[in-house]
Amino acid sequence: MFTLTLRRLGLRPLNRVTMVGAVHDVQMGLLEQKSVFQFALTCTVLNCNKNRGQSDGSVGNDGIFIASPTVKDTMAQCFDKEQYTVRCLGSEAYAETLRDVLDEGSIVRVVGRLKTVETADGGKKRLFPCIIVEQGRAGGVTLLHAFRKQRNDWKLQNALDSLAASQAT
């Protein structure tokens, strides 16, 4: 009974992540009899420890820090770029819908499970981060901005909603 209650509560895994970034290197295929839509997600991350101790500026009488032009330049260098592989697993219709709507350079929000995937690279085995988005689970891909097709955001949401409604019945 206790496990049934936990299932109804819909507890989320601890490794659930939400990322916003640009779509690159779009691919489609099959993985363990499931259709896969895979792409690389490039995220911009703020890294304030990168240039710590390089402050050129002064503190005014009211305690507000006044930045010089060199501080503004170093603030622009505090951003790093990280890349994650995103794998969207589900039916063939789900993968086709994502392929039709998402283009290279689109800005998306991805909610899924963060997992490390082992790959062989020149005789060495390496681990790299991968975000797994499963159809029908608590994750998803949402289009925030498309450069070429501005109408794709509502098209994606309508297509995914209709697909979910058809599978629920």
# chains A, B, ... in the order shown; residues from 1 in each chain; ligands from 1
call {"tool": "residues_around", "arguments": {"residues": "A:Ser35", "least_positions_apart": "2", "cutoff": "12 Å", "atoms": "only C-alpha atoms", "output": "list in words"}}
result
Gln27, Met28, Gly29, Leu30, Leu31, Glu32, Gln33, Phe37, Gln38, Arg87, Cys88, Leu89, Gly90, Ser91, Glu92, Ala93, Tyr94, Ala95, Glu96, Thr97, Leu98, Arg99, Val133, Glu134 and Gln135 of chain A
call {"tool": "write_last_selection", "arguments": {"atoms": "C-alpha atoms", "output": "short mmCIF file (atom, residue, chain, number, x, y, z; two decimals), in the first residue's frame"}}
result
data_model
loop_
_atom_site.label_atom_id
_atom_site.label_comp_id
_atom_site.auth_asym_id
_atom_site.auth_seq_id
_atom_site.Cartn_x
_atom_site.Cartn_y
_atom_site.Cartn_z
CA GLN A 27 19.80 13.29 -35.55
CA MET A 28 17.11 10.60 -35.63
CA GLY A 29 17.35 6.86 -35.12
CA LEU A 30 16.34 3.83 -33.08
CA LEU A 31 17.52 2.81 -29.61
CA GLU A 32 16.24 -0.45 -28.08
CA GLN A 33 13.12 -0.51 -30.31
CA PHE A 37 15.31 12.25 -31.64
CA GLN A 38 18.78 13.36 -30.52
CA ARG A 87 17.80 12.09 -26.33
CA CYS A 88 14.04 12.21 -26.74
CA LEU A 89 12.67 8.65 -26.53
CA GLY A 90 9.17 7.69 -27.58
CA SER A 91 6.97 6.67 -30.45
CA GLU A 92 7.80 7.37 -34.07
CA ALA A 93 5.09 10.06 -34.22
CA TYR A 94 6.69 11.86 -31.25
CA ALA A 95 10.13 11.86 -32.90
CA GLU A 96 8.65 13.01 -36.24
CA THR A 97 6.82 15.87 -34.52
CA LEU A 98 10.02 17.07 -32.87
CA ARG A 99 11.94 16.74 -36.15
CA VAL A 133 13.44 12.94 -22.21
CA GLU A 134 10.85 10.16 -22.31
CA GLN A 135 7.47 10.58 -23.93
#
call {"tool": "closest_residue", "arguments": {"among": "A:Ala138, A:Cys48, A:His24, A:Gln157", "to": "A:Val111", "atoms": "only C-alpha atoms"}}
result
A:Ala138
call {"tool": "atom_distance", "arguments": {"atom1": "atom CA of A:Thr44", "atom2": "atom CA of A:Gly136"}}
result
28.1 Å
call {"tool": "closest_residue", "arguments": {"among": "A:Asp80, A:His145, A:Lys34, A:Glu118", "to": "A:Cys130", "atoms": "only C-alpha atoms"}}
result
A:Glu118
call {"tool": "atom_distance", "arguments": {"atom1": "atom CA of A:Glu82", "atom2": "atom CA of A:Ala120"}}
result
21.0 Å
call {"tool": "closest_residue", "arguments": {"among": "A:Val20, A:Phe147, A:Leu114, A:Val36", "to": "A:Lys81", "atoms": "only C-alpha atoms"}}
result
A:Val20
call {"tool": "atom_distance", "arguments": {"atom1": "atom CA of A:Val26", "atom2": "atom CA of A:Leu41"}}
result
9.7 Å
call {"tool": "residues_around", "arguments": {"residues": "A:Phe128", "least_positions_apart": "6", "cutoff": "10 Å", "atoms": "only C-alpha atoms", "output": "JSON, numbers by chain"}}
result
{"A": [83, 84, 85, 115, 116, 117, 118, 119]}
